[in-house]
Amino acid sequence: MGYRQSPIVNDNRLKLGFFSPNCSGGMSVTKAPERWVNSWENNIALAKLADGTLSRATFLHELVSAPEAARVRELDDAVALGLGARARGERLTWLQAPPGTDERVIEIPWVLSRLVAAGRVLEVGYAFAEPAYLAGLLRAGVELVGVDLAELDVDGMERVLADVRSLPLDDSSVDQVLLVSTLEHVGADNTGYGLAEEADPASRVDALRELARVAGPSGRVLITVPLGEPGDHGWFRLDDVGGWTRLFASAGLFVEEQEAYELTGEGWRPAPAFRADGVGYGDRGPAASAVLCNELSSGRLRRLVTPGGLARTVKRRARPLRHR
C-alpha cells in the first residue's frame with residue numbers, strides 16, 4: 001500500500017515557514033495575534049493554501065465561519081465599542097451583549113471607555129489577558145505597564161514580574177490601575193496558570209492596599225469581578241455585591257462608580273437588583289453568570305466627607321448597583 005503524504009509534511013518551505021511557528025512556538029502568522037485562531041484545523045487549511053490545493057477564497061471562508069472566529073469577533077467588537085466611547089468622552093453604562101458569551105464582552109468595553117486619556121496605566125494579570133484587549137490598550141496612547149507572576153513578551157509594554165500584593169513601584173507612580181477578572185484569583189490555587197497553590201483569600205485586601213498605594217490620591221482603580229453566591233472555589237473566590245463592596249472598603253477604597261450585569265436568556269443585561277442566592281459560576285453560560293464593574297479611588301474616609309463623595313454614597317445606596 002502506497003504512502004499518502006500528509007498535507008503538512010512535504011517540501012513546501014513556505015508552508016512549513018507558516019506552520020512551524022504556530023505549532024511549536026505559539027507565534028502568529030501575522031503581526032496581530034488576536035486575529036489568528038491557532039487551531040489544528042486552521043493550520044491544516046493554511047498548509048493547503050501554501051500547497052495550492054485550497055483557494056484563498058475558501059481559506060478565508062473557512063476562517064471566518066469557524067466557531068472560534070465568533071469569539072474573535074465578539075472581543076474585537078468589545079474593544080472597538082470601548083475605545084470608540086473613550087474617544088467620544090463617553091463612559092459606557094447599561095451595556096448589553098448576546099447570549100452564550102462570557103463576561104469579557106461586558107468588562108472590556110466598560111473598562112476601556114474609562115481608560116485615562118494619557119498617563120501611566122498598570123494592567124494587573126496581563127499574561128493571561130485577552131490578546132485583543134491588550135492590543136486595544138497598546139493602541140490607546142497610554143504608557144502601559146503590565147504586572148504578573150507569569151511572564152509574556154508583549155511589545156510596547158513595560159513588564160514587571162511581581163506579586164500584586166508587593167509591588168516594586170513607587171507611591172503614586174501610576175495614573176490608573178486595571179484588574180479585569182483578576183482580583184478573585186489573588187491568594188487562590190493558581191496551579192492551572194502555572195503558578196503556586198495558595199489558600200489565602202484574605203490577602204486580596206493586601207493587593208487592594210498596594211494598588212491604592214501606587215495609584216495615590218489622584219489615581220483610579222478599575223476592577224471587574226464575578227458575582228454569585230459567595231464561596232471559595234479553589235482557583236477563585238465568588239462573592240455578592242455586598243461582599244465585594246465591603247472588601248473594597250476594608251482596603252480604604254471608595255466606590256466612585258459601580259454597575260452589575262447578569263447573563264439572562266436574552267443575553268447580558270444590567271442587573272440593578274441582582275440577587276446572588278443560588279447563582280453559581282458557569283450556571284448560565286461559559287463562565288461567570290454575573291459581573292460587577294467598579295471604579296475605585298483611595299482615601300475612602302477623606303472622600304466620604306467631601307460633598308461629592310457623600311452625594312455619590314447616598315446615590316449608590318439609593319440605587320445599589322448602578323451609580324455615576
# chains A, B, ... in the order shown; residues from 1 in each chain; ligands from 1
call {"tool": "closest_atom_pairs", "arguments": {"of": "segment 184-302 of chain A", "to": "segment 123-139 of chain A", "cutoff": "12 Å", "atoms": "only C-alpha atoms", "output": "CSV"}}
result
residue,atom,partner,partner_atom,distance
A:Glu184,CA,A:Gly125,CA,11.4
A:His185,CA,A:Gly125,CA,9.7
A:Val186,CA,A:Gly125,CA,10.0
A:Asn190,CA,A:Phe128,CA,11.8
A:Gly192,CA,A:Phe128,CA,11.3
A:Tyr193,CA,A:Phe128,CA,8.3
A:Gly194,CA,A:Phe128,CA,11.0
A:Leu195,CA,A:Ala127,CA,11.8
A:Ala207,CA,A:Val124,CA,10.4
A:Leu208,CA,A:Val124,CA,11.3
A:Glu210,CA,A:Val124,CA,11.7
A:Leu211,CA,A:Val124,CA,9.5
A:Ala215,CA,A:Glu123,CA,12.0
A:Val221,CA,A:Glu123,CA,10.2
A:Leu222,CA,A:Glu123,CA,9.8
A:Ile223,CA,A:Val124,CA,9.9
A:Thr224,CA,A:Val124,CA,11.7
call {"tool": "select_by_dssp", "arguments": {"residues": "segment 109-296 of chain A", "states": "strand (DSSP E or B)", "output": "PyMOL selection string"}}
result
chain A and resi 120-124+143-148+158-161+163+166+176-180+220-227+231-232+237-239+253-264+267-270+290-296
call {"tool": "atom_distance", "arguments": {"atom1": "atom CA of Ala212 of chain A", "atom2": "atom CA of Ser297 of chain A"}}
result
7.3 Å
call {"tool": "closest_residue", "arguments": {"among": "A:Gln258, A:Thr264, A:Ser298, A:Ser65", "to": "Arg209 of chain A", "atoms": "only C-alpha atoms"}}
result
A:Ser298
call {"tool": "closest_residue", "arguments": {"among": "A:Leu92, A:Leu161, A:Leu83, A:Val72", "to": "Gly141 of chain A", "atoms": "only C-alpha atoms"}}
result
A:Leu83
call {"tool": "residues_around", "arguments": {"residues": "Gln176 of chain A", "least_positions_apart": "2", "cutoff": "7 Å", "atoms": "only C-alpha atoms", "output": "list in words"}}
result
Arg120, Val121, Leu122, Val174, Leu178, Ala215, Gly219, Arg220 and Val221 of chain A
call {"tool": "write_last_selection", "arguments": {"atoms": "N, CA and C atoms", "output": "PDB file, in the first residue's frame"}}
result
ATOM      1  N   ARG A 120       0.272  56.932  32.863  1.00  0.00           N
ATOM      2  CA  ARG A 120       0.831  55.605  33.131  1.00  0.00           C
ATOM      3  C   ARG A 120      -0.271  54.695  33.670  1.00  0.00           C
ATOM      4  N   VAL A 121      -0.491  53.590  32.979  1.00  0.00           N
ATOM      5  CA  VAL A 121      -1.577  52.670  33.320  1.00  0.00           C
ATOM      6  C   VAL A 121      -0.989  51.311  33.686  1.00  0.00           C
ATOM      7  N   LEU A 122      -1.379  50.789  34.841  1.00  0.00           N
ATOM      8  CA  LEU A 122      -0.919  49.490  35.310  1.00  0.00           C
ATOM      9  C   LEU A 122      -1.989  48.444  35.042  1.00  0.00           C
ATOM     10  N   VAL A 174       1.457  55.549  39.261  1.00  0.00           N
ATOM     11  CA  VAL A 174       0.613  55.270  38.096  1.00  0.00           C
ATOM     12  C   VAL A 174      -0.642  56.126  38.180  1.00  0.00           C
ATOM     13  N   LEU A 178      -5.802  48.731  36.282  1.00  0.00           N
ATOM     14  CA  LEU A 178      -6.844  47.904  35.672  1.00  0.00           C
ATOM     15  C   LEU A 178      -6.721  46.473  36.167  1.00  0.00           C
ATOM     16  N   ALA A 215      -1.457  53.912  43.036  1.00  0.00           N
ATOM     17  CA  ALA A 215      -2.333  54.846  42.322  1.00  0.00           C
ATOM     18  C   ALA A 215      -2.331  56.223  42.985  1.00  0.00           C
ATOM     19  N   GLY A 219      -5.192  58.847  41.633  1.00  0.00           N
ATOM     20  CA  GLY A 219      -5.353  57.752  40.692  1.00  0.00           C
ATOM     21  C   GLY A 219      -6.664  57.010  40.896  1.00  0.00           C
ATOM     22  N   ARG A 220      -7.049  56.242  39.893  1.00  0.00           N
ATOM     23  CA  ARG A 220      -8.269  55.448  39.963  1.00  0.00           C
ATOM     24  C   ARG A 220      -7.945  53.980  39.699  1.00  0.00           C
ATOM     25  N   VAL A 221      -8.764  53.104  40.285  1.00  0.00           N
ATOM     26  CA  VAL A 221      -8.601  51.661  40.120  1.00  0.00           C
ATOM     27  C   VAL A 221      -9.884  51.114  39.503  1.00  0.00           C
TER      28      VAL A 221
END
call {"tool": "residues_around", "arguments": {"residues": "Val105 of chain A", "least_positions_apart": "3", "cutoff": "7 Å", "atoms": "only C-alpha atoms", "output": "list of chain:residue names"}}
result
A:Glu74, A:Leu75, A:Ala78, A:Ala97, A:Asp102, A:Ile108, A:Pro109
call {"tool": "write_last_selection", "arguments": {"atoms": "N, CA and C atoms", "output": "PDB file, in the first residue's frame"}}
result
ATOM      1  N   GLU A  74     -16.414  38.784  18.707  1.00  0.00           N
ATOM      2  CA  GLU A  74     -17.005  39.329  19.930  1.00  0.00           C
ATOM      3  C   GLU A  74     -16.009  40.217  20.677  1.00  0.00           C
ATOM      4  N   LEU A  75     -14.766  39.737  20.794  1.00  0.00           N
ATOM      5  CA  LEU A  75     -13.758  40.507  21.519  1.00  0.00           C
ATOM      6  C   LEU A  75     -13.349  41.760  20.756  1.00  0.00           C
ATOM      7  N   ALA A  78     -16.018  44.264  21.220  1.00  0.00           N
ATOM      8  CA  ALA A  78     -15.980  44.823  22.572  1.00  0.00           C
ATOM      9  C   ALA A  78     -14.902  45.892  22.698  1.00  0.00           C
ATOM     10  N   ALA A  97     -25.187  42.453  25.720  1.00  0.00           N
ATOM     11  CA  ALA A  97     -24.396  41.567  24.868  1.00  0.00           C
ATOM     12  C   ALA A  97     -25.194  40.293  24.613  1.00  0.00           C
ATOM     13  N   ASP A 102     -19.220  35.204  27.219  1.00  0.00           N
ATOM     14  CA  ASP A 102     -18.721  35.316  28.592  1.00  0.00           C
ATOM     15  C   ASP A 102     -18.650  36.790  28.998  1.00  0.00           C
ATOM     16  N   ILE A 108     -14.671  44.399  29.076  1.00  0.00           N
ATOM     17  CA  ILE A 108     -13.704  45.099  28.221  1.00  0.00           C
ATOM     18  C   ILE A 108     -14.215  46.472  27.784  1.00  0.00           C
ATOM     19  N   PRO A 109     -15.424  46.586  27.203  1.00  0.00           N
ATOM     20  CA  PRO A 109     -15.859  47.938  26.827  1.00  0.00           C
ATOM     21  C   PRO A 109     -16.088  48.850  28.029  1.00  0.00           C
TER      22      PRO A 109
END
call {"tool": "residues_around", "arguments": {"residues": "segment 274-277 of chain A", "least_positions_apart": "6", "cutoff": "6 Å", "atoms": "only C-alpha atoms", "output": "list in words"}}
result
Gly228, Glu229 and Asp240 of chain A
call {"tool": "closest_atom_pairs", "arguments": {"of": "segment 83-177 of chain A", "to": "segment 267-270 of chain A", "cutoff": "7 Å", "atoms": "only C-alpha atoms", "output": "Markdown table"}}
result
| residue | atom | partner | partner_atom | distance |
| --- | --- | --- | --- | --- |
| A:Trp94 | CA | A:Pro270 | CA | 5.6 |
| A:Leu95 | CA | A:Pro270 | CA | 6.6 |
| A:Gln96 | CA | A:Arg269 | CA | 5.1 |
| A:Ala97 | CA | A:Trp268 | CA | 4.8 |
| A:Pro98 | CA | A:Gly267 | CA | 4.5 |
| A:Pro99 | CA | A:Gly267 | CA | 3.6 |
call {"tool": "residues_around", "arguments": {"residues": "Met157 of chain A", "least_positions_apart": "3", "cutoff": "9 Å", "atoms": "only C-alpha atoms", "output": "list in words"}}
result
Leu138, Glu143, Leu144, Val145, Gly146, Asp153 and Val154 of chain A
call {"tool": "write_last_selection", "arguments": {"atoms": "N, CA and C atoms", "output": "short mmCIF file (atom, residue, chain, number, x, y, z; two decimals), in the first residue's frame"}}
result
data_model
loop_
_atom_site.label_atom_id
_atom_site.label_comp_id
_atom_site.auth_asym_id
_atom_site.auth_seq_id
_atom_site.Cartn_x
_atom_site.Cartn_y
_atom_site.Cartn_z
N LEU A 138 -2.70 48.89 23.97
CA LEU A 138 -1.44 49.34 23.36
C LEU A 138 -1.67 50.43 22.31
N GLU A 143 0.90 55.01 28.54
CA GLU A 143 2.13 54.32 28.90
C GLU A 143 1.74 53.07 29.70
N LEU A 144 1.79 51.92 29.05
CA LEU A 144 1.24 50.70 29.62
C LEU A 144 2.30 49.90 30.36
N VAL A 145 1.98 49.53 31.61
CA VAL A 145 2.83 48.70 32.44
C VAL A 145 2.04 47.46 32.84
N GLY A 146 2.61 46.28 32.62
CA GLY A 146 1.94 45.05 32.98
C GLY A 146 2.65 44.37 34.14
N ASP A 153 5.93 37.98 26.65
CA ASP A 153 6.53 39.07 25.88
C ASP A 153 5.42 39.84 25.16
N VAL A 154 5.32 41.11 25.44
CA VAL A 154 4.34 41.98 24.80
C VAL A 154 5.07 43.23 24.34
#
call {"tool": "closest_residue", "arguments": {"among": "A:Pro217, A:Val180, A:Ser173, A:Ala249", "to": "Val205 of chain A", "atoms": "only C-alpha atoms"}}
result
A:Ala249
call {"tool": "atom_distance", "arguments": {"atom1": "atom CA of Glu259 of chain A", "atom2": "atom CA of Thr182 of chain A"}}
result
17.3 Å
call {"tool": "atom_distance", "arguments": {"atom1": "atom CA of Gly280 of chain A", "atom2": "atom CA of Leu238 of chain A"}}
result
8.3 Å
